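This report concerns only the one structure given below.
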Amino acid sequence: MPTESTFLLAGLFLLLAAAGWALGRFGERDEVDAPPPLNIDYLKGLNFLLNEQTDQALEHFLKMVRVDAETIETHFALGSLFRRRGEVDRAIRVHQNIIARPDLAAEQRDQALFSLAKDYLSAGLLDRAEKLFVRLSQGSRYQVQALENLCRIFEQERDWAKAIDAGQKLEMLGGRSLALQIAHYHCELAEAAAASGDFGVARDFVKKATAGRPKTMRGALTRAHIAREMDDTKTALRLYHRIIDEHTYLISEALPEIVAIYKKENQIPELERALKSMLKKNPEMNSLVAYTAIVNDIGGISIIDDCVEKYMLDEPTLAEFIDLQSLTEEGKGAHDSALAKVRRALSKLASSTPRYQCQECGFSSQRLLWQCPSCREWETQRPASRVQFDTVLQHSITGP
Ligand SMILES: [Zn+2]
């Protein structure tokens, strides 16, 4: 089957043949009646294509059309077309061929190196791409783009120290703040240090993470986790409450921790009081508390159970199926067991649907991801505050 590349190369050979014919036709006016010379090279190229030997045809084209001031743009266009079509090996071959020219102008060499680096990136050859981007970041008109690509590579490689370095250079050159992105790089280092029990180092990274603006609460979450690990429950609770105060949506992360601490300390009345005052200040938090409790299976705390009950009564989809009002008339036992049943069902539904969604691109996941794997933006995910019945229904119609 001839591919688009076959047609593309065939077009190029035909163009060359036409140009050759025009030269032959008009270039030598004395022999105006003589037939144009038919170069055997064009036919050879076309023959490769007719036999579906695209790589041989490409090699033939590269030998035939030398890279010079007149043809270089054709070579670049050919390379980028191959890359866009996913034929990275061919794109690499075209760009390497350009770089091999000894008399290439510096600007064109940089352009070819940048194109080749992007080919390597597309092919997943991160170390080769990194080397070229580092070279371009040290002084070329591709400095900014090279540093942007380096940040992406170091993020993928989880090499946060190098990512910080590239991010800071980019900030200076690009003239825009990357404070949030760089703060998250520091948070990554802090979390890694905390996970290996190196709390002093972790705290230092958190400090660096909270130095810039806009601030991320991720550093505070790490500090709260460290305080909890070190049995400093007072600091941990203060931090978790502050996190919720500043970013309501992080209740999905902080509430299970808060409940666990109060339970461990046998301080359920204190927990009830703290949550009561929080809900009094922000009544709209009710559904977030309820949803977090349902997903994390937090029960037996009356103020949270009240939130869950209110949430279930307010959910129009559920109201279609259960008549809690009539159950209430049948007595507290029937009422509570009906609620418990609905709650268990909701918990199952919630665990089979995505809990977080990126506000930029819509990517969804079960756990909070600080960097969206799809659009690569930082801190754009928000938790759902309701069970997404439409998604559940869609799943059951289309199958898993
Ligand atoms: Zn996204």
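Following the order of the structure tokens, chains are lettered A, B, ..., residues in each are numbered from 1, and ligands are numbered from 1.
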Requested in this report: Write out as a list in words each polymer residue whose atoms come within 10 Å of Leu62 of chain A, counting only C-alpha atoms; drop sequence neighbours fewer than 6 positions from it.
Outcome: Gln56, His75, Arg93, Val94, Asn97 and Ile98 of chain A
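With only C-alpha atoms taken into account, the protein and nucleic acid residues at most 8 Å from Leu116 of chain A (excluding it and anything under 5 positions from it in its own chain) are Ala91, Ile92, His95, Gln96 and Ala129 of chain A.
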Written selection (N, CA and C atoms) as an mmCIF file, in the first residue's frame:
```
data_model
loop_
_atom_site.group_PDB
_atom_site.id
_atom_site.type_symbol
_atom_site.label_atom_id
_atom_site.label_comp_id
_atom_site.auth_asym_id
_atom_site.auth_seq_id
_atom_site.Cartn_x
_atom_site.Cartn_y
_atom_site.Cartn_z
ATOM 1 N N ALA A 91 12.620 11.263 9.795
ATOM 2 C CA ALA A 91 12.868 12.667 10.161
ATOM 3 C C ALA A 91 14.303 12.818 10.659
ATOM 4 N N ILE A 92 14.722 11.859 11.514
ATOM 5 C CA ILE A 92 16.092 11.895 12.055
ATOM 6 C C ILE A 92 17.109 11.831 10.907
ATOM 7 N N HIS A 95 17.295 15.222 9.113
ATOM 8 C CA HIS A 95 17.949 16.285 9.888
ATOM 9 C C HIS A 95 19.440 15.999 10.087
ATOM 10 N N GLN A 96 19.796 14.710 10.263
ATOM 11 C CA GLN A 96 21.229 14.378 10.379
ATOM 12 C C GLN A 96 21.960 14.724 9.086
ATOM 13 N N ALA A 129 17.963 13.693 23.255
ATOM 14 C CA ALA A 129 17.264 14.986 23.146
ATOM 15 C C ALA A 129 17.839 15.958 24.171
#
```
Requested in this report: Give the residues close to ligand 1, within 10 Å, counting only C-alpha atoms and all ligand atoms; write them as JSON, numbers by chain.
Outcome: {"A": [357, 358, 359, 360, 361, 362, 363, 364, 369, 371, 372, 373, 374, 375, 376, 377, 378, 379, 380, 381]}
Restrict the calculation to only C-alpha atoms, then for each residue of segment 243-318 of chain A with any atom at most 12 Å from an atom of segment 353-356 of chain A give the closest atom pair and their distance in Å to one decimal, rows by chain and rising residue number, as CSV.
```
residue,atom,partner,partner_atom,distance
A:Tyr249,CA,A:Tyr356,CA,10.5
A:Leu250,CA,A:Tyr356,CA,11.2
A:Ser252,CA,A:Arg355,CA,9.6
A:Glu253,CA,A:Tyr356,CA,11.5
A:Leu288,CA,A:Arg355,CA,11.5
A:Tyr291,CA,A:Arg355,CA,9.7
A:Thr292,CA,A:Arg355,CA,9.7
A:Ile294,CA,A:Arg355,CA,11.6
A:Val295,CA,A:Arg355,CA,8.8
A:Asn296,CA,A:Arg355,CA,11.4
```
Requested in this report: For Asn51 of chain A, list every protein, DNA or RNA residue within 12 Å, evaluated using only C-alpha atoms, and leave out those in the same chain fewer than 4 positions away; present the list as a list in words.
Outcome: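 Surrounding residues, per the criterion: Met1, Pro2, Thr6, Ala10, Lys44, Gly45, Leu46, Asn47, Asp55, Gln56 and Ala57 of chain A.
You will find atom CA of His184 of chain A at 16.4 Å from atom CA of His225 of chain A.
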Query - Surrounding residues of Leu255 of chain A excluding itself and chain neighbours under 3 positions, 8 Å, only C-alpha atoms, as JSON, numbers by chain - result: {"A": [240, 251, 252, 258, 259, 289, 292]}
Report task. For segment 160-175 of chain A, list every protein, DNA or RNA residue within 10 Å, evaluated using only C-alpha atoms, and leave out those in the same chain fewer than 4 positions away; present the list as a ChimeraX atom specification. Result -> /A:134,137,143-156,179,181-189
Query - Test item, helix (DSSP H, G or I) assignment across segment 33-161 of chain A, answer as a PyMOL selection string - result: chain A and resi 40-50+54-64+72-84+88-99+106-122+126-137+143-157+160-161
**Report entry** Nearby residues (only C-alpha atoms) at most 12 Å from Asp68 of chain A, same-chain spacing under 6 positions excluded, as a list in words
**Finding:** Leu62, Thr74, His75, Phe76, Asn97, Ile98, Ile99, Ala100, Arg101, Pro102, Asp103, Leu104, Ala105 and Gln108 of chain A
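Across A:Ile226, A:Ala123, A:Ala209, A:Leu271, the tightest approach to Ser196 of chain A is made by A:Ile226 when counting only C-alpha atoms.
In terms of minimum interatomic distance to Leu43 of chain A, A:Leu14 ranks closest within A:Ala350, A:Ile72, A:Val67, A:Leu14, counting only C-alpha atoms.
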